[in-house]
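Visitor: One structure, pasted below without further comment.
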Amino acid sequence: MSLRVRLGRSPPPRLVDWSLFALVGLAVATGITSFWVGHPSGAALFWIHAVAGLSIPPLLALKFRRVAGRVRDRRAWDHATPLSILLAAVAVAAAGTGVAWAVGVTVPLGFWTLLNLHILFGLLLVPVLLVHLRARYRPLRRVDVRERRVALQYAGLVAAAGVTSALLRWLAARLGTPAATRRFTGSRALDADADLPVTSWVADDPDPVDPATWTLSVDGLVARPLELELDDLDATAERRALLDCTSGWYAERDWRGVRLGGLLDEAGVTDDAAWVTVRSVTGYRWSLPLDEARNALLATHLSGDRLDHGHGYPIRLVAPDRRGFQWVKWVEAVEVGRRPDPRRWIDIFVSGL
Ligand SMILES: Nc1nc2c(c(=O)[nH]1)N[C@H]1C(S)=C(S)[C@@H](COP(=O)(O)O)O[C@H]1N2
Ligand SMILES: [Mo]
């Protein structure tokens, strides 16, 4: 009885605020890094993201209860109050779209998915929170973290978030919502017989490649640089692989093409080679560690048909266990190096401009 009463008291306001800050930081950091996790060994990252994210709403509710009076009374407003309200709205929107995506809500947003919106609100939280902090910063004091009951409350909060996350997954499966097929990344399965959507971001949209003038070069740290034409490629390697796009869908399909490892052997990589960068005609590129690259495919065919322009004709990278954005389309160059190409971080965003 006394335990319940004591647990019922709110944690100190500053602790609530600081833990909101920490949880938002954790949710944003795990959310951003999750973009380049495609292998199930990284599933814990998504789990932490869910638990951090779901721990936020209860604390927000406490905070809203605390400041409600000050917000309702217009005379109590100061220059920073509108921004605080904006921050509250963005936080609620980020949490709401995350939960809605997880249970399978589908809203027609044109090109966008709820997951894209969730990402947008999540990223927006960062600048708004920083400006809010400038106006409202209060240091955390010893007295704010001294009580044992607070530790219990937080343990309960995290446990409840974990249970809620599992419940949402169960609910989606039980109700058979579109999220029932959700992978650990949050992406939903595309119908097995559906055409793969064409997904290029930031308008990376080159003219169709002319096979008469197109060549594939393999150079960098190699003994014999190659310059190949389409007919030179012995596209007989087959591979079933799962493409998981960060906009929230995945599809397992049959691909055919040349093993990148075969080309690298033909070119003879030197001893100091460690990374392979695959670049498109637009400059869009990604780098893979040498061993992983050997195992990747430069595909010419998808589900038995020659690639069409949208999917990367004449060849595109198939990088199993990597996220979709790393599957470079319209490939024209393979560069072997000592290090990953730092330009990839810029070029995946600006190659279409
Ligand atoms: N050159 C280039 N390759 C690209 C992209 C791009 O914009 N430019 N988009 C990537 C993204 S975000 C995804 S999900 C996959 C989608 O492949 P698809 O269009 O064949 O379905 O291609 C990837 N390869
Ligand atoms: Mo994507």
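Each chain in the structure tokens gets a letter, A, B and so on, in the order shown; residues start at 1 in every chain, and ligands are counted from 1 in the order they appear.
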For range 279-285 of chain A, list every protein, DNA or RNA residue within 8 Å, evaluated using only C-alpha atoms, and leave out those in the same chain fewer than 6 positions away; present the list as a ChimeraX atom specification.
Guide: /A:204,206,326,328-335,344,347-348,351-352
Visitor: Convert the current residue selection to file output with C-alpha atoms, as an mmCIF file, in the first residue's frame.
Guide:
```cif
data_model
loop_
_atom_site.group_PDB
_atom_site.id
_atom_site.type_symbol
_atom_site.label_atom_id
_atom_site.label_comp_id
_atom_site.auth_asym_id
_atom_site.auth_seq_id
_atom_site.Cartn_x
_atom_site.Cartn_y
_atom_site.Cartn_z
ATOM 1 C CA ASP A 204 18.529 10.636 -58.840
ATOM 2 C CA PRO A 206 19.527 9.733 -65.090
ATOM 3 C CA GLN A 326 23.165 0.860 -50.693
ATOM 4 C CA VAL A 328 23.584 1.231 -56.267
ATOM 5 C CA LYS A 329 21.745 1.351 -59.618
ATOM 6 C CA TRP A 330 23.151 2.220 -63.085
ATOM 7 C CA VAL A 331 26.628 1.077 -62.071
ATOM 8 C CA GLU A 332 29.526 2.118 -64.292
ATOM 9 C CA ALA A 333 32.542 1.874 -62.020
ATOM 10 C CA VAL A 334 34.036 -0.363 -59.369
ATOM 11 C CA GLU A 335 36.930 1.153 -57.473
ATOM 12 C CA ARG A 344 29.377 8.407 -50.508
ATOM 13 C CA ASP A 347 26.796 11.736 -53.198
ATOM 14 C CA ILE A 348 23.839 9.635 -52.119
ATOM 15 C CA SER A 351 23.926 12.879 -57.087
ATOM 16 C CA GLY A 352 20.596 13.746 -58.678
#
```
Visitor: Please produce, as JSON lines, a per-residue contact table for chain A versus ligand 2 (criterion: any atom at most 9 Å away, only C-alpha atoms and all ligand atoms considered), showing the nearest atom pair and its distance in Å to one decimal, sorted by chain then residue number.
Guide:
```
{"residue": "A:Thr199", "atom": "CA", "partner": "ligand 2", "partner_atom_place_in_ligand_line": "1 (Mo)", "distance": 5.9}
{"residue": "A:Ser200", "atom": "CA", "partner": "ligand 2", "partner_atom_place_in_ligand_line": "1 (Mo)", "distance": 6.8}
{"residue": "A:Trp201", "atom": "CA", "partner": "ligand 2", "partner_atom_place_in_ligand_line": "1 (Mo)", "distance": 7.1}
{"residue": "A:Leu243", "atom": "CA", "partner": "ligand 2", "partner_atom_place_in_ligand_line": "1 (Mo)", "distance": 8.7}
{"residue": "A:Asp244", "atom": "CA", "partner": "ligand 2", "partner_atom_place_in_ligand_line": "1 (Mo)", "distance": 7.2}
{"residue": "A:Cys245", "atom": "CA", "partner": "ligand 2", "partner_atom_place_in_ligand_line": "1 (Mo)", "distance": 3.8}
{"residue": "A:Thr246", "atom": "CA", "partner": "ligand 2", "partner_atom_place_in_ligand_line": "1 (Mo)", "distance": 4.9}
{"residue": "A:Ser247", "atom": "CA", "partner": "ligand 2", "partner_atom_place_in_ligand_line": "1 (Mo)", "distance": 5.8}
{"residue": "A:Gly248", "atom": "CA", "partner": "ligand 2", "partner_atom_place_in_ligand_line": "1 (Mo)", "distance": 8.1}
{"residue": "A:Trp249", "atom": "CA", "partner": "ligand 2", "partner_atom_place_in_ligand_line": "1 (Mo)", "distance": 8.5}
{"residue": "A:Arg323", "atom": "CA", "partner": "ligand 2", "partner_atom_place_in_ligand_line": "1 (Mo)", "distance": 7.2}
{"residue": "A:Gly324", "atom": "CA", "partner": "ligand 2", "partner_atom_place_in_ligand_line": "1 (Mo)", "distance": 4.7}
{"residue": "A:Phe325", "atom": "CA", "partner": "ligand 2", "partner_atom_place_in_ligand_line": "1 (Mo)", "distance": 4.5}
{"residue": "A:Gln326", "atom": "CA", "partner": "ligand 2", "partner_atom_place_in_ligand_line": "1 (Mo)", "distance": 8.1}
{"residue": "A:Trp327", "atom": "CA", "partner": "ligand 2", "partner_atom_place_in_ligand_line": "1 (Mo)", "distance": 8.7}
```
Visitor: With distances taken over only C-alpha atoms and all ligand atoms, which residue among A:Thr106, A:Ser187, A:Gln153, A:Thr213 lies nearest ligand 1?
Guide: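 Of A:Thr106, A:Ser187, A:Gln153, A:Thr213, the one nearest ligand 1, counting only C-alpha atoms and all ligand atoms, is A:Ser187.
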Visitor: What's around Leu298 in chain A at 6 Å? Count only C-alpha atoms, leave out sequence neighbours fewer than 6 positions away in its own chain, and write the answer as a ChimeraX atom specification.
Guide: /A:257-258,315-317
Visitor: As a list of chain:residue names, please: the residues near Pro139 in chain A (cut-off 9 Å, only C-alpha atoms, same-chain neighbours under 2 positions excluded).
Guide: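 Once the nearby chain positions are removed, what remains is A:Arg14, A:Trp18, A:Tyr137, A:Arg141.
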Visitor: Taking the chain letters and numbering used in this document, name the residues of range 133-326 of chain A that DSSP puts in strand (DSSP E or B), as a ChimeraX atom specification.
Guide: /A:188-189,216-220,222,226-228,237-245,249-259,269,275-280,285-289,297-302,305-306,316-318,323
Visitor: Find, counting only C-alpha atoms, the residue in A:Leu307, A:Val51, A:Leu171, A:Leu59 that gets nearest to Val198 in chain A.
Guide: A:Leu307
Visitor: List every residue of range 56-276 of chain A that DSSP, applied to the backbone, labels as helix (DSSP H, G or I), and write the result as a tab-separated table (two decimals) with C-alpha atoms, in the first residue's frame.
Guide:
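Generated output (states_29.tsv):
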```tsv
chain	number	residue	atom	x	y	z
A	56	ILE	CA	8.85	9.15	-23.83
A	57	PRO	CA	5.02	9.55	-23.84
A	58	PRO	CA	4.47	8.76	-20.14
A	59	LEU	CA	7.16	11.28	-19.16
A	60	LEU	CA	5.69	13.79	-21.59
A	61	ALA	CA	2.32	13.33	-19.92
A	62	LEU	CA	3.88	14.12	-16.53
A	63	LYS	CA	5.55	17.16	-17.99
A	64	PHE	CA	2.38	18.41	-19.70
A	65	ARG	CA	0.48	18.07	-16.43
A	66	ARG	CA	3.13	20.13	-14.70
A	67	VAL	CA	3.22	22.99	-17.21
A	68	ALA	CA	-0.47	23.00	-18.25
A	69	GLY	CA	-1.35	25.89	-15.95
A	70	ARG	CA	1.48	28.02	-17.27
A	71	VAL	CA	0.52	27.37	-20.86
A	72	ARG	CA	-3.16	28.08	-20.34
A	74	ARG	CA	-1.40	33.72	-21.48
A	75	ARG	CA	0.16	36.20	-19.03
A	76	ALA	CA	2.61	33.51	-17.96
A	81	THR	CA	6.71	29.50	-24.79
A	82	PRO	CA	5.56	29.16	-28.43
A	83	LEU	CA	8.67	27.14	-29.18
A	84	SER	CA	7.98	24.89	-26.20
A	85	ILE	CA	4.50	24.24	-27.58
A	86	LEU	CA	5.96	23.49	-30.99
A	87	LEU	CA	8.41	21.07	-29.37
A	88	ALA	CA	5.55	19.33	-27.58
A	89	ALA	CA	3.63	19.02	-30.84
A	90	VAL	CA	6.62	17.63	-32.75
A	91	ALA	CA	7.39	15.14	-29.96
A	92	VAL	CA	3.80	13.90	-29.91
A	93	ALA	CA	3.79	13.68	-33.72
A	94	ALA	CA	7.05	11.71	-33.75
A	95	ALA	CA	5.81	9.26	-31.13
A	96	GLY	CA	2.37	9.01	-32.73
A	97	THR	CA	3.62	8.29	-36.24
A	98	GLY	CA	6.11	5.75	-34.85
A	99	VAL	CA	3.42	3.84	-33.00
A	100	ALA	CA	1.00	4.12	-35.92
A	101	TRP	CA	3.59	2.70	-38.29
A	102	ALA	CA	4.39	-0.12	-35.88
A	103	VAL	CA	0.77	-1.26	-35.60
A	114	LEU	CA	4.05	7.20	-42.25
A	115	LEU	CA	7.58	5.99	-41.60
A	116	ASN	CA	8.97	8.88	-43.65
A	117	LEU	CA	6.86	11.25	-41.57
A	118	HIS	CA	8.12	9.63	-38.39
A	119	ILE	CA	11.70	10.21	-39.56
A	120	LEU	CA	10.91	13.80	-40.45
A	121	PHE	CA	9.39	14.60	-37.04
A	122	GLY	CA	12.19	12.74	-35.30
A	123	LEU	CA	14.86	14.76	-37.06
A	124	LEU	CA	12.93	17.98	-36.53
A	125	LEU	CA	13.00	17.31	-32.79
A	126	VAL	CA	16.73	17.89	-32.68
A	127	PRO	CA	16.94	21.59	-33.64
A	128	VAL	CA	13.72	22.49	-31.81
A	129	LEU	CA	14.89	20.72	-28.68
A	130	LEU	CA	18.26	22.45	-28.80
A	131	VAL	CA	16.68	25.90	-29.07
A	132	HIS	CA	14.24	25.00	-26.29
A	133	LEU	CA	17.17	23.95	-24.15
A	134	ARG	CA	18.90	27.27	-24.69
A	135	ALA	CA	15.93	29.05	-23.16
A	136	ARG	CA	14.97	26.54	-20.48
A	142	ARG	CA	21.99	15.70	-6.64
A	143	VAL	CA	18.60	15.93	-4.91
A	144	ASP	CA	16.86	15.12	-8.20
A	145	VAL	CA	18.37	11.67	-8.41
A	148	ARG	CA	15.27	5.02	-4.54
A	149	ARG	CA	11.66	5.18	-5.58
A	150	VAL	CA	12.72	7.13	-8.65
A	151	ALA	CA	14.99	4.29	-9.76
A	152	LEU	CA	12.04	1.92	-9.34
A	153	GLN	CA	9.79	4.22	-11.32
A	154	TYR	CA	12.24	4.36	-14.19
A	155	ALA	CA	12.75	0.61	-14.17
A	156	GLY	CA	8.97	0.30	-14.39
A	157	LEU	CA	8.84	2.82	-17.20
A	158	VAL	CA	11.40	0.95	-19.31
A	159	ALA	CA	9.76	-2.40	-18.59
A	160	ALA	CA	6.37	-1.00	-19.59
A	161	ALA	CA	7.84	0.36	-22.81
A	162	GLY	CA	9.33	-3.04	-23.62
A	163	VAL	CA	6.02	-4.77	-22.96
A	164	THR	CA	4.16	-2.17	-25.03
A	165	SER	CA	6.54	-2.70	-27.93
A	166	ALA	CA	5.95	-6.46	-27.84
A	167	LEU	CA	2.20	-5.88	-27.48
A	168	LEU	CA	2.10	-3.63	-30.54
A	169	ARG	CA	3.85	-6.30	-32.58
A	170	TRP	CA	1.47	-8.96	-31.31
A	171	LEU	CA	-1.52	-6.74	-32.01
A	172	ALA	CA	-0.41	-6.10	-35.60
A	173	ALA	CA	0.01	-9.82	-36.20
A	174	ARG	CA	-3.26	-10.67	-34.48
A	175	LEU	CA	-5.27	-8.13	-36.44
A	178	PRO	CA	-0.08	-4.28	-42.96
A	179	ALA	CA	2.48	-4.29	-40.13
A	180	ALA	CA	1.95	-8.01	-39.53
A	181	THR	CA	4.80	-8.72	-41.94
A	230	LEU	CA	27.83	-5.32	-71.47
A	231	ASP	CA	28.46	-8.37	-73.66
A	232	ASP	CA	31.68	-9.11	-71.80
A	260	LEU	CA	31.61	-8.98	-58.08
A	261	GLY	CA	34.23	-11.36	-56.69
A	262	GLY	CA	34.78	-12.80	-60.16
A	263	LEU	CA	35.52	-9.36	-61.60
A	264	LEU	CA	37.82	-8.52	-58.71
A	265	ASP	CA	39.76	-11.75	-59.27
A	266	GLU	CA	40.04	-11.00	-62.96
A	267	ALA	CA	41.42	-7.55	-62.15
```
